[in-house]
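Colleague: Please read through the structure below; I'll follow up with questions.
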Amino acid sequence: MALNNPAFNTPAFQDPRAGGAQTRYSPPPAADPAADARLEGAYAAPAAGSVDTGRMTVEDTVFKTLALFGVLVVTAVVGWIWTMSSVSVTTGPNVAPMIIGGLGGFVLAMVAIFKKKPSVPVFVAYAAFEGLFVGGISAFFEFQFPGIVVQATLATLSVVGVTLALFASGKIRASARATKIFMIAMVGYLVFSLVNLGLMLFNVPLAGGAFGLRSSIEIFGIPLGVIIGVFVVIMAAYSLVLDFDQIQRGVRNGAPRVYGWVGAFGIMVTVVWLYVEILRILAILRGNN
């Protein structure tokens, strides 16, 4: 009678009359030194890691993140040079790199988000266009406010470093309640940004500043854009926490290694958003001086 328990589905419990394995009633098999050596080598070898088995790891995701940011830096230099190439006594910076990079990055981000399977070429292309945008907008602001790019870069690195340190130490974690608040705040910020853009396009007097309502309205002497910007920086920091949490979850779930690119892409989107927001806050502050 066959045993249905899979724990017994081993050669030691198979019937030799049905082509099963060796039992104590059968003659011992002939010795095979080569097979014994291979078996001993297999036992002596180190256990296969996540990378060896094609699984996602934190270290591999960090490497992929650095690779994408490397692409971004290279194209950011191109965008900077391209933007500043038209500067003269009579003409200002060229806004073409900022527009091309922004539109291209947005389209590729949508493709990456809604694509069923991760695509490395799409992520790399996104980093390239995003670098063009970052280089262009950085050069544009630097032309108006010398030294602002260094300030924004240091502030961005500080926020990312502090957020990563707090997350790694376990002092800050993503929660369902905080994530709901974050999503509501994101929707509100998106609505405000669209309304502000519309008022600027239609030249509404209330939004007549360089940044629309952000710079034309003040609360207790503080520009509205600075107040909103501080909250947005906090939102971006929490978005980083969500990114780190998703990466950890992917590693725990044994996600395929290619999903490390998804984690790298998410971090890049958040960091660029954080950098642009800090750049805008500094520009509003310096513009009011």
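Labeling convention for the structure tokens: chains A, B, ... as they appear, residues from 1 per chain, ligands from 1 in order of appearance.
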Name the residues in contact with Ala139 in chain A at a cut-off of 9 Å, using only C-alpha atoms, excluding same-chain residues fewer than 6 positions from it; report them as number ranges by chain.
Modeller: A: 79-81, 83-84, 93, 149
Colleague: Need to verify the contact set: range 122-137 of chain A, 9 Å, only C-alpha atoms, exclusion of same-chain residues closer than 3 positions in sequence. Can you return it as JSON, numbers by chain?
Modeller: {"A": [67, 68, 69, 70, 71, 72, 73, 74, 75, 76, 77, 78, 79, 80, 81, 82, 83, 84, 93, 94, 95, 96, 97, 98, 99, 100, 101, 102, 103, 104, 105, 106, 107, 108, 109, 111, 112, 118, 119, 140, 141, 142, 261, 262, 264, 265, 268, 269, 272, 275, 276]}
Colleague: Could you pull out all residues of range 218-285 of chain A with a DSSP call of strand (DSSP E) and give them as number ranges by chain?
Modeller: A: 218-219, 222-223
Colleague: To one decimal place, how far is CA of Ile247 in chain A from CA of Ala155 in chain A in Å?
Modeller: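 According to the coordinates, CA of Ile247 in chain A and CA of Ala155 in chain A are separated by 24.1 Å.
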Colleague: Using DSSP on the backbone coordinates, identify all residues within range 107-260 of chain A classified as helix (DSSP H, G or I); present the result as a PDB file with C-alpha atoms, in the first residue's frame.
Modeller:
ATOM      1  CA  VAL A 107       6.720  59.814 -19.916  1.00  0.00           C
ATOM      2  CA  LEU A 108       9.317  57.185 -19.022  1.00  0.00           C
ATOM      3  CA  ALA A 109       8.275  57.270 -15.362  1.00  0.00           C
ATOM      4  CA  MET A 110       4.693  56.480 -16.406  1.00  0.00           C
ATOM      5  CA  VAL A 111       5.947  53.650 -18.617  1.00  0.00           C
ATOM      6  CA  ALA A 112       8.040  52.243 -15.763  1.00  0.00           C
ATOM      7  CA  ILE A 113       5.166  52.470 -13.273  1.00  0.00           C
ATOM      8  CA  PHE A 114       2.509  50.849 -15.442  1.00  0.00           C
ATOM      9  CA  VAL A 120      16.178  47.961 -17.130  1.00  0.00           C
ATOM     10  CA  PRO A 121      16.466  50.027 -20.362  1.00  0.00           C
ATOM     11  CA  VAL A 122      13.429  52.085 -19.302  1.00  0.00           C
ATOM     12  CA  PHE A 123      14.975  52.803 -15.889  1.00  0.00           C
ATOM     13  CA  VAL A 124      18.308  53.790 -17.436  1.00  0.00           C
ATOM     14  CA  ALA A 125      16.586  56.009 -20.021  1.00  0.00           C
ATOM     15  CA  TYR A 126      14.556  57.630 -17.234  1.00  0.00           C
ATOM     16  CA  ALA A 127      17.740  58.384 -15.292  1.00  0.00           C
ATOM     17  CA  ALA A 128      19.256  59.945 -18.419  1.00  0.00           C
ATOM     18  CA  PHE A 129      16.293  62.241 -19.078  1.00  0.00           C
ATOM     19  CA  GLU A 130      15.953  63.061 -15.399  1.00  0.00           C
ATOM     20  CA  GLY A 131      19.618  64.040 -15.339  1.00  0.00           C
ATOM     21  CA  LEU A 132      19.023  66.362 -18.276  1.00  0.00           C
ATOM     22  CA  PHE A 133      16.168  67.961 -16.339  1.00  0.00           C
ATOM     23  CA  VAL A 134      18.143  68.261 -13.096  1.00  0.00           C
ATOM     24  CA  GLY A 135      21.141  69.751 -14.888  1.00  0.00           C
ATOM     25  CA  GLY A 136      18.949  72.211 -16.768  1.00  0.00           C
ATOM     26  CA  ILE A 137      16.930  73.432 -13.799  1.00  0.00           C
ATOM     27  CA  SER A 138      20.048  73.603 -11.627  1.00  0.00           C
ATOM     28  CA  ALA A 139      21.874  75.773 -14.157  1.00  0.00           C
ATOM     29  CA  PHE A 140      18.793  77.970 -14.546  1.00  0.00           C
ATOM     30  CA  PHE A 141      18.559  78.649 -10.803  1.00  0.00           C
ATOM     31  CA  GLU A 142      22.319  78.993 -10.425  1.00  0.00           C
ATOM     32  CA  PHE A 143      22.300  81.711 -13.095  1.00  0.00           C
ATOM     33  CA  GLN A 144      19.785  83.683 -11.030  1.00  0.00           C
ATOM     34  CA  ILE A 148      22.103  77.906  -4.692  1.00  0.00           C
ATOM     35  CA  VAL A 149      22.891  74.506  -6.260  1.00  0.00           C
ATOM     36  CA  VAL A 150      25.546  73.695  -3.655  1.00  0.00           C
ATOM     37  CA  GLN A 151      23.130  74.682  -0.894  1.00  0.00           C
ATOM     38  CA  ALA A 152      20.309  72.553  -2.340  1.00  0.00           C
ATOM     39  CA  THR A 153      22.612  69.574  -2.894  1.00  0.00           C
ATOM     40  CA  LEU A 154      23.954  69.638   0.661  1.00  0.00           C
ATOM     41  CA  ALA A 155      20.445  70.018   2.082  1.00  0.00           C
ATOM     42  CA  THR A 156      19.167  67.103  -0.019  1.00  0.00           C
ATOM     43  CA  LEU A 157      22.037  64.834   1.012  1.00  0.00           C
ATOM     44  CA  SER A 158      21.438  65.788   4.651  1.00  0.00           C
ATOM     45  CA  VAL A 159      17.748  64.885   4.511  1.00  0.00           C
ATOM     46  CA  VAL A 160      18.455  61.587   2.734  1.00  0.00           C
ATOM     47  CA  GLY A 161      21.264  60.712   5.155  1.00  0.00           C
ATOM     48  CA  VAL A 162      19.235  61.491   8.284  1.00  0.00           C
ATOM     49  CA  THR A 163      16.197  59.589   6.960  1.00  0.00           C
ATOM     50  CA  LEU A 164      18.319  56.556   6.089  1.00  0.00           C
ATOM     51  CA  ALA A 165      20.040  56.618   9.489  1.00  0.00           C
ATOM     52  CA  LEU A 166      16.719  56.816  11.361  1.00  0.00           C
ATOM     53  CA  PHE A 167      15.255  54.016   9.264  1.00  0.00           C
ATOM     54  CA  ALA A 168      18.308  51.787   9.687  1.00  0.00           C
ATOM     55  CA  ALA A 176      -0.734  52.363   7.696  1.00  0.00           C
ATOM     56  CA  ARG A 177      -2.012  55.514   9.404  1.00  0.00           C
ATOM     57  CA  ALA A 178       0.982  57.644   8.406  1.00  0.00           C
ATOM     58  CA  THR A 179       0.750  56.370   4.843  1.00  0.00           C
ATOM     59  CA  LYS A 180      -2.927  57.380   4.634  1.00  0.00           C
ATOM     60  CA  ILE A 181      -2.053  60.873   5.871  1.00  0.00           C
ATOM     61  CA  PHE A 182       0.793  60.985   3.359  1.00  0.00           C
ATOM     62  CA  MET A 183      -1.515  60.070   0.468  1.00  0.00           C
ATOM     63  CA  ILE A 184      -4.087  62.699   1.476  1.00  0.00           C
ATOM     64  CA  ALA A 185      -1.346  65.330   1.745  1.00  0.00           C
ATOM     65  CA  MET A 186       0.004  64.309  -1.668  1.00  0.00           C
ATOM     66  CA  VAL A 187      -3.397  64.759  -3.294  1.00  0.00           C
ATOM     67  CA  GLY A 188      -3.792  68.163  -1.636  1.00  0.00           C
ATOM     68  CA  TYR A 189      -0.340  69.256  -2.765  1.00  0.00           C
ATOM     69  CA  LEU A 190      -1.048  68.104  -6.320  1.00  0.00           C
ATOM     70  CA  VAL A 191      -4.305  70.082  -6.412  1.00  0.00           C
ATOM     71  CA  PHE A 192      -2.557  73.188  -5.078  1.00  0.00           C
ATOM     72  CA  SER A 193       0.237  72.866  -7.645  1.00  0.00           C
ATOM     73  CA  LEU A 194      -2.233  72.554 -10.530  1.00  0.00           C
ATOM     74  CA  VAL A 195      -4.289  75.533  -9.314  1.00  0.00           C
ATOM     75  CA  ASN A 196      -1.134  77.606  -8.861  1.00  0.00           C
ATOM     76  CA  LEU A 197       0.084  76.695 -12.341  1.00  0.00           C
ATOM     77  CA  GLY A 198      -3.276  77.617 -13.850  1.00  0.00           C
ATOM     78  CA  LEU A 199      -3.308  81.014 -12.125  1.00  0.00           C
ATOM     79  CA  MET A 200       0.213  81.708 -13.375  1.00  0.00           C
ATOM     80  CA  LEU A 201      -0.650  80.749 -16.951  1.00  0.00           C
ATOM     81  CA  PRO A 205      -2.779  89.168 -10.255  1.00  0.00           C
ATOM     82  CA  LEU A 206      -2.975  87.144  -7.044  1.00  0.00           C
ATOM     83  CA  ALA A 207      -0.383  84.755  -8.459  1.00  0.00           C
ATOM     84  CA  LEU A 213       0.959  81.881  -4.949  1.00  0.00           C
ATOM     85  CA  ARG A 214       4.095  80.453  -3.395  1.00  0.00           C
ATOM     86  CA  SER A 215       5.897  83.787  -3.534  1.00  0.00           C
ATOM     87  CA  SER A 216       3.041  86.321  -3.711  1.00  0.00           C
ATOM     88  CA  LEU A 224       3.540  80.581   1.445  1.00  0.00           C
ATOM     89  CA  GLY A 225       5.933  78.602  -0.724  1.00  0.00           C
ATOM     90  CA  VAL A 226       8.393  78.224   2.156  1.00  0.00           C
ATOM     91  CA  ILE A 227       5.709  76.963   4.532  1.00  0.00           C
ATOM     92  CA  ILE A 228       4.355  74.500   1.980  1.00  0.00           C
ATOM     93  CA  GLY A 229       7.880  73.567   0.976  1.00  0.00           C
ATOM     94  CA  VAL A 230       8.803  72.521   4.512  1.00  0.00           C
ATOM     95  CA  PHE A 231       5.793  70.206   4.654  1.00  0.00           C
ATOM     96  CA  VAL A 232       6.679  68.817   1.224  1.00  0.00           C
ATOM     97  CA  VAL A 233      10.244  68.083   2.353  1.00  0.00           C
ATOM     98  CA  ILE A 234       8.775  66.127   5.279  1.00  0.00           C
ATOM     99  CA  MET A 235       6.515  64.305   2.828  1.00  0.00           C
ATOM    100  CA  ALA A 236       9.488  63.479   0.600  1.00  0.00           C
ATOM    101  CA  ALA A 237      11.405  62.172   3.604  1.00  0.00           C
ATOM    102  CA  TYR A 238       8.489  59.888   4.489  1.00  0.00           C
ATOM    103  CA  SER A 239       8.338  58.806   0.852  1.00  0.00           C
ATOM    104  CA  LEU A 240      11.961  57.688   1.259  1.00  0.00           C
ATOM    105  CA  VAL A 241      10.923  55.677   4.297  1.00  0.00           C
ATOM    106  CA  LEU A 242       8.260  53.986   2.148  1.00  0.00           C
ATOM    107  CA  ASP A 243      10.912  53.265  -0.508  1.00  0.00           C
ATOM    108  CA  PHE A 244      13.269  51.691   2.046  1.00  0.00           C
ATOM    109  CA  ASP A 245      10.403  49.687   3.531  1.00  0.00           C
ATOM    110  CA  GLN A 246       9.379  48.335   0.120  1.00  0.00           C
ATOM    111  CA  ILE A 247      12.956  47.291  -0.606  1.00  0.00           C
ATOM    112  CA  GLN A 248      13.184  45.442   2.714  1.00  0.00           C
ATOM    113  CA  ARG A 249       9.867  43.752   2.010  1.00  0.00           C
ATOM    114  CA  GLY A 250      11.022  42.673  -1.444  1.00  0.00           C
ATOM    115  CA  VAL A 251      14.169  41.150   0.044  1.00  0.00           C
ATOM    116  CA  ARG A 252      12.174  39.297   2.735  1.00  0.00           C
ATOM    117  CA  TYR A 259      13.198  44.116  -8.820  1.00  0.00           C
ATOM    118  CA  GLY A 260      16.237  45.792  -7.318  1.00  0.00           C
TER     119      GLY A 260
END
Colleague: To one decimal place in Å, what is the distance between CA of Ala174 in chain A and CA of Ile267 in chain A?
Modeller: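 Between CA of Ala174 in chain A and CA of Ile267 in chain A the gap works out to 15.2 Å.
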Colleague: Between CA of Leu66 in chain A and CA of Ser175 in chain A, what is the distance, to one decimal in Å?
Modeller: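 Separation of CA of Leu66 in chain A and CA of Ser175 in chain A: 27.4 Å.
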